[in-house]
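**Q** Okay, handing you the structure first.
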4 protein chains.
Amino acid sequence: MSRVVVAFHSGYGHTRSVAQAVKEGAASVPGVSAELLDVTQTAEPGWASLAAADAIVFGSPTYMGGVSADFKKFADESAKVWFTQGWKNKIAGGFTCSLNMSGDKYSTLMYFVTLAMQHSMVWVGTGLMPGRQPGHPDEINRLGSAIGVMAQADNVPPDQSPPAGDIETARLYGKRIGEMSVRGVRQ
Amino acid sequence: MSRVVVAFHSGYGHTRSVAQAVKEGAASVPGVSAELLDVTQTAEPGWASLAAADAIVFGSPTYMGGVSADFKKFADESAKVWFTQGWKNKIAGGFTCSLNMSGDKYSTLMYFVTLAMQHSMVWVGTGLMPGRQPGHPDEINRLGSAIGVMAQADNVPPDQSPPAGDIETARLYGKRIGEMSVRGVRQ
Amino acid sequence: MSRVVVAFHSGYGHTRSVAQAVKEGAASVPGVSAELLDVTQTAEPGWASLAAADAIVFGSPTYMGGVSADFKKFADESAKVWFTQGWKNKIAGGFTCSLNMSGDKYSTLMYFVTLAMQHSMVWVGTGLMPGRQPGHPDEINRLGSAIGVMAQADNVPPDQSPPAGDIETARLYGKRIGEMSVRGVRQ
Amino acid sequence: MSRVVVAFHSGYGHTRSVAQAVKEGAASVPGVSAELLDVTQTAEPGWASLAAADAIVFGSPTYMGGVSADFKKFADESAKVWFTQGWKNKIAGGFTCSLNMSGDKYSTLMYFVTLAMQHSMVWVGTGLMPGRQPGHPDEINRLGSAIGVMAQADNVPPDQSPPAGDIETARLYGKRIGEMSVRGVRQ
């Protein structure tokens, strides 16, 4: 079995919904087991799960133009893995969620790329063309992001937002990550 | 008179509409003269206009995740100004326009910041809170950008898109730049 | 009096040395008072100092490719200021320090720019040309950074590193920030 | 045979030296053929080579804080490949060279990542820990870059600079890219 870990922080539950969809997409691939890891709860077996993973997908809300402090705490703690390059050549991906359509979500995703590169991981983006109806809530990749998944959530409970299109985008991304972890990058 | 130059490239006219709105916003400030400079047409007096400017606002579509090659050609040519730091302490700003809601517009804006910093300019962002109805075409700052203006245009003629909200956002940004150039940054 | 606050986090003291030099440079300008604010110690009067500042210079080591979690915690807490745009039009700047010559210091500086823009601040870079002897420890701006100060420190106590050139670079940056805060951006 | 194409622009020959080293590193891997492609010379068979590649490594000097206009022209022209996602799942990497130790090289590398993600490629970084003697000309990864190779060249002919350490860093990176293209990402 190939193992995908979705390592995320969520402040109010919206980013958790995206994380859940990524996990489900990965788990839908034959030969893949997928799990959620809340990075504020990394007491063992959190680090052991990450060490055993074939792919790690990072997730965080965008707070004040970047990853949340809670996620950054996890990233800084991963320095102990970095010293031994324990995640080298694992597949990496990322997603973020915030109130705005664009805002500084790219900043958050680029931080994930930077973190993954320090760990010598291999970055896999969405592989999705931009949605043809930009911004439409049912559209796949409605915000037009290639690096990782950008989701947008209104100030309502997480069962109402982000909309169906963003959740499906996250599911497709999880599927892509899962496929990559099973077959390798090139067929 | 304080002088604002909007130095832009536009492929199909949508970015030109945004540039025009920035110019009008700047020109609405008493004591400000504003002009458009198509950076593919910088034969004199283009460089002289830029040398005389109090503020320069950079504009480009986002093509393949960054400023257009035409804009980059202008940026590279500005190396001759960089050697003498001829734009030092001028106010700088920027805007971009593309088909997607988010895409990689942040990448384009951050490039403008990087360029402006090499020229020792002072960067002024939108100064606008994100719109309360994210993505709504009539909303000011509907995409939620602080660094500079992000506009979104559909594949229709420039008189139909970007929508009114984006144009008004650009106008308000031009006004902010104009005010800064007249009174200085702090009152 | 114009007031400059250097809001920084330092893990082992190297970034504190840079912060101290920025403060001294600012304080050397007639009409400027400058102070250090350790962002892990922002119990009042920290936020009151920031509210009263004319310029805020952000500082953090670069940890795992970005600002430290401690700095990010401060940035996230500044959301309460963001809601009221309490720092609007203040001058902003930034600096970082890490073991490598380049590494991902740009990522940290760009995060500071992004944070400052969300606060509608005005960004002032180093205003320094790259040093003519790249990397030389006595050289001003030896790493060639325009956005903010990049310093490099070896794994030795902070009284031995970063070298004299980096400290002087920070002092000159503080002076530039101080001058901007007194006279406004344009003369 | 697995095929690696190094698609680069070089203004004065320094970036070409880095490109050559990446190519040699890739070609040193059994089962890999590697070739240089000057992106200002992409008349056929350039695009055909890229279409047939298993891995594409992008290279450009850093001019005015980003890729050169010549490289950007190539990137913009690749939009025709983007429409059909012709490079999907190919391995991607990148390198840059400039006069400064750090400067804005990260900006150039991040642009390469952004471009690669739009093409749904898979990004592979240096996989190298930072050199233990930061900046030393014989050191591997002396500038401490993970995303891609950062090289530094003085204003002397390309046979004298960048130094041996940077050239060897580029060779090792090419080797890593070559290995990835042969065996896939995970063993």
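Identifiers in the structure tokens: chain A, B, ... in order shown; residue index from 1 per chain; ligand index from 1 in order shown.
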Could you pull out all residues of range 17-138 of chain B with a DSSP call of strand (DSSP E) and give them as a ChimeraX atom specification?
**A** /B:32-38,55-63,66-67,91-98,122-124
**Q** Based on the selection just made, write N, CA and C atoms of those residues as a tab-separated table (two decimals), in the first residue's frame.
**A**
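So the final result, stored in selection09.tsv, reads:
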chain	number	residue	atom	x	y	z
B	32	VAL	N	-2.19	66.86	-9.33
B	32	VAL	CA	-1.56	65.70	-9.96
B	32	VAL	C	-1.81	65.70	-11.46
B	33	SER	N	-0.76	65.49	-12.23
B	33	SER	CA	-0.94	65.19	-13.65
B	33	SER	C	-0.59	63.73	-13.85
B	34	ALA	N	-1.37	63.06	-14.68
B	34	ALA	CA	-1.16	61.63	-14.86
B	34	ALA	C	-1.12	61.30	-16.34
B	35	GLU	N	-0.33	60.29	-16.68
B	35	GLU	CA	-0.23	59.90	-18.09
B	35	GLU	C	-0.04	58.40	-18.23
B	36	LEU	N	-0.47	57.88	-19.37
B	36	LEU	CA	-0.24	56.47	-19.70
B	36	LEU	C	1.03	56.34	-20.51
B	37	LEU	N	1.81	55.30	-20.22
B	37	LEU	CA	2.99	54.99	-21.03
B	37	LEU	C	2.97	53.52	-21.38
B	38	ASP	N	2.71	53.24	-22.66
B	38	ASP	CA	2.77	51.86	-23.15
B	38	ASP	C	4.24	51.46	-23.22
B	55	ALA	N	5.70	59.34	-9.25
B	55	ALA	CA	5.21	57.99	-8.98
B	55	ALA	C	5.10	57.23	-10.30
B	56	ILE	N	5.47	55.96	-10.26
B	56	ILE	CA	5.33	55.09	-11.44
B	56	ILE	C	4.51	53.87	-11.03
B	57	VAL	N	3.45	53.62	-11.78
B	57	VAL	CA	2.62	52.44	-11.51
B	57	VAL	C	2.83	51.46	-12.65
B	58	PHE	N	3.30	50.26	-12.31
B	58	PHE	CA	3.58	49.23	-13.30
B	58	PHE	C	2.34	48.39	-13.56
B	59	GLY	N	2.11	48.02	-14.82
B	59	GLY	CA	0.96	47.19	-15.14
B	59	GLY	C	1.28	46.18	-16.23
B	60	SER	N	0.78	44.98	-16.06
B	60	SER	CA	1.00	43.92	-17.06
B	60	SER	C	-0.08	42.88	-16.89
B	61	PRO	N	-0.45	42.25	-18.00
B	61	PRO	CA	-1.26	41.03	-17.84
B	61	PRO	C	-0.40	39.97	-17.15
B	62	THR	N	-1.03	38.97	-16.56
B	62	THR	CA	-0.30	37.80	-16.07
B	62	THR	C	-0.33	36.76	-17.17
B	63	TYR	N	0.83	36.50	-17.76
B	63	TYR	CA	0.98	35.49	-18.81
B	63	TYR	C	1.85	34.36	-18.28
B	66	GLY	N	3.42	35.11	-14.78
B	66	GLY	CA	4.25	36.27	-14.46
B	66	GLY	C	3.97	37.42	-15.41
B	67	VAL	N	4.75	38.48	-15.30
B	67	VAL	CA	4.60	39.61	-16.22
B	67	VAL	C	4.83	39.14	-17.65
B	91	ILE	N	7.63	56.92	-5.76
B	91	ILE	CA	6.57	56.00	-5.33
B	91	ILE	C	6.32	54.98	-6.44
B	92	ALA	N	6.10	53.74	-6.05
B	92	ALA	CA	5.82	52.67	-7.02
B	92	ALA	C	4.53	51.94	-6.64
B	93	GLY	N	3.87	51.42	-7.65
B	93	GLY	CA	2.69	50.59	-7.43
B	93	GLY	C	2.54	49.66	-8.62
B	94	GLY	N	1.51	48.81	-8.60
B	94	GLY	CA	1.35	47.88	-9.71
B	94	GLY	C	-0.02	47.25	-9.78
B	95	PHE	N	-0.33	46.74	-10.96
B	95	PHE	CA	-1.61	46.07	-11.18
B	95	PHE	C	-1.46	45.02	-12.26
B	96	THR	N	-2.36	44.04	-12.22
B	96	THR	CA	-2.34	43.00	-13.25
B	96	THR	C	-3.75	42.56	-13.56
B	97	CYS	N	-3.89	41.91	-14.68
B	97	CYS	CA	-5.20	41.46	-15.14
B	97	CYS	C	-5.02	40.11	-15.84
B	98	SER	N	-5.91	39.18	-15.54
B	98	SER	CA	-5.87	37.90	-16.25
B	98	SER	C	-7.24	37.25	-16.18
B	122	VAL	N	9.61	53.29	-3.42
B	122	VAL	CA	8.83	53.06	-2.20
B	122	VAL	C	7.49	52.48	-2.63
B	123	TRP	N	7.13	51.32	-2.12
B	123	TRP	CA	5.95	50.63	-2.62
B	123	TRP	C	4.68	50.98	-1.85
B	124	VAL	N	3.65	51.33	-2.62
B	124	VAL	CA	2.34	51.65	-2.05
B	124	VAL	C	1.32	50.65	-2.60
**Q** Distance cut-off 6 Å, counting only C-alpha atoms - which residues of chain C neighbour chain D? Return them as a ChimeraX atom specification.
**A** /C:100-103,134,143-145
**Q** Output the selection as a compact mmCIF listing (two decimals), in the first residue's frame - N, CA, C and O atoms for each residue.
**A**
# COMPACT_ATOMS: atom_id res chain seq x y z
N ASN C 100 22.72 30.56 5.77
CA ASN C 100 23.16 30.49 4.38
C ASN C 100 23.30 31.86 3.75
O ASN C 100 22.75 32.85 4.23
N MET C 101 24.04 31.90 2.66
CA MET C 101 24.23 33.16 1.95
C MET C 101 22.91 33.62 1.33
O MET C 101 22.58 34.79 1.36
N SER C 102 22.21 32.70 0.74
CA SER C 102 20.96 33.09 0.11
C SER C 102 19.82 32.31 0.75
O SER C 102 19.02 32.86 1.47
N GLY C 103 19.85 30.97 0.52
CA GLY C 103 18.79 30.17 1.07
C GLY C 103 17.46 30.75 0.64
O GLY C 103 17.28 31.16 -0.52
N PRO C 134 31.04 40.61 -3.78
CA PRO C 134 29.95 39.75 -3.28
C PRO C 134 30.41 38.78 -2.20
O PRO C 134 31.40 38.07 -2.38
N LEU C 143 25.24 40.55 0.23
CA LEU C 143 24.40 39.51 -0.34
C LEU C 143 23.52 40.04 -1.48
O LEU C 143 22.86 39.28 -2.17
N GLY C 144 23.51 41.36 -1.64
CA GLY C 144 22.82 41.94 -2.79
C GLY C 144 21.31 41.95 -2.66
O GLY C 144 20.60 41.53 -3.57
N SER C 145 20.82 42.47 -1.55
CA SER C 145 19.37 42.48 -1.34
C SER C 145 18.81 43.89 -1.38
O SER C 145 19.36 44.80 -0.75
**Q** Grab the CA of Ala69 in chain B to CA of Ala75 in chain D distance for me, in Å with one decimal place.
**A**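 Those two atoms sit 8.3 Å apart.
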**Q** Got a sec to tell me which of range 22-77 of chain B DSSP assigns to helix (DSSP H, G or I), as a list in words?
**A**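 DSSP on the backbone gives helix (DSSP H, G or I) at Val22, Lys23, Glu24, Gly25, Ala26, Ala27, Val39, Thr40, Gln41, Gly46, Trp47, Ala48, Ser49, Leu50, Ala51, Ala52, Ala69, Asp70, Phe71, Lys72, Lys73, Phe74, Ala75, Asp76 and Glu77 of chain B.
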**Q** Counting only C-alpha atoms, which of C:Glu44, C:Glu139, C:Glu179, C:Asp54 gets nearest to Gly86 in chain C?
**A**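 Smallest separation from Gly86 in chain C among the options: C:Asp54.
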**Q** Excluding Ile177 in chain B and any residue of its chain fewer than 4 positions from it, enumerate the residues within 7 Å of it, using only C-alpha atoms, and give them as a PyMOL selection string.
**A** chain B and resi 26+173+181
**Q** Keeping N, CA, C and O atoms for every residue in the selection just given, could you write it to a file as a PDB file, in the first residue's frame?
**A**
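Result saved to selection_9.pdb:
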ATOM      1  N   ALA B  26      -5.651  58.855 -10.453  1.00  0.00           N
ATOM      2  CA  ALA B  26      -4.536  59.729 -10.068  1.00  0.00           C
ATOM      3  C   ALA B  26      -4.820  61.170 -10.487  1.00  0.00           C
ATOM      4  O   ALA B  26      -4.625  62.112  -9.711  1.00  0.00           O
ATOM      5  N   TYR B 173      -7.227  53.079  -6.543  1.00  0.00           N
ATOM      6  CA  TYR B 173      -5.790  52.877  -6.358  1.00  0.00           C
ATOM      7  C   TYR B 173      -5.002  54.051  -6.959  1.00  0.00           C
ATOM      8  O   TYR B 173      -4.076  54.581  -6.344  1.00  0.00           O
ATOM      9  N   SER B 181       1.636  60.926  -3.807  1.00  0.00           N
ATOM     10  CA  SER B 181       2.668  61.665  -4.542  1.00  0.00           C
ATOM     11  C   SER B 181       2.590  63.158  -4.255  1.00  0.00           C
ATOM     12  O   SER B 181       3.582  63.875  -4.389  1.00  0.00           O
TER      13      SER B 181
END
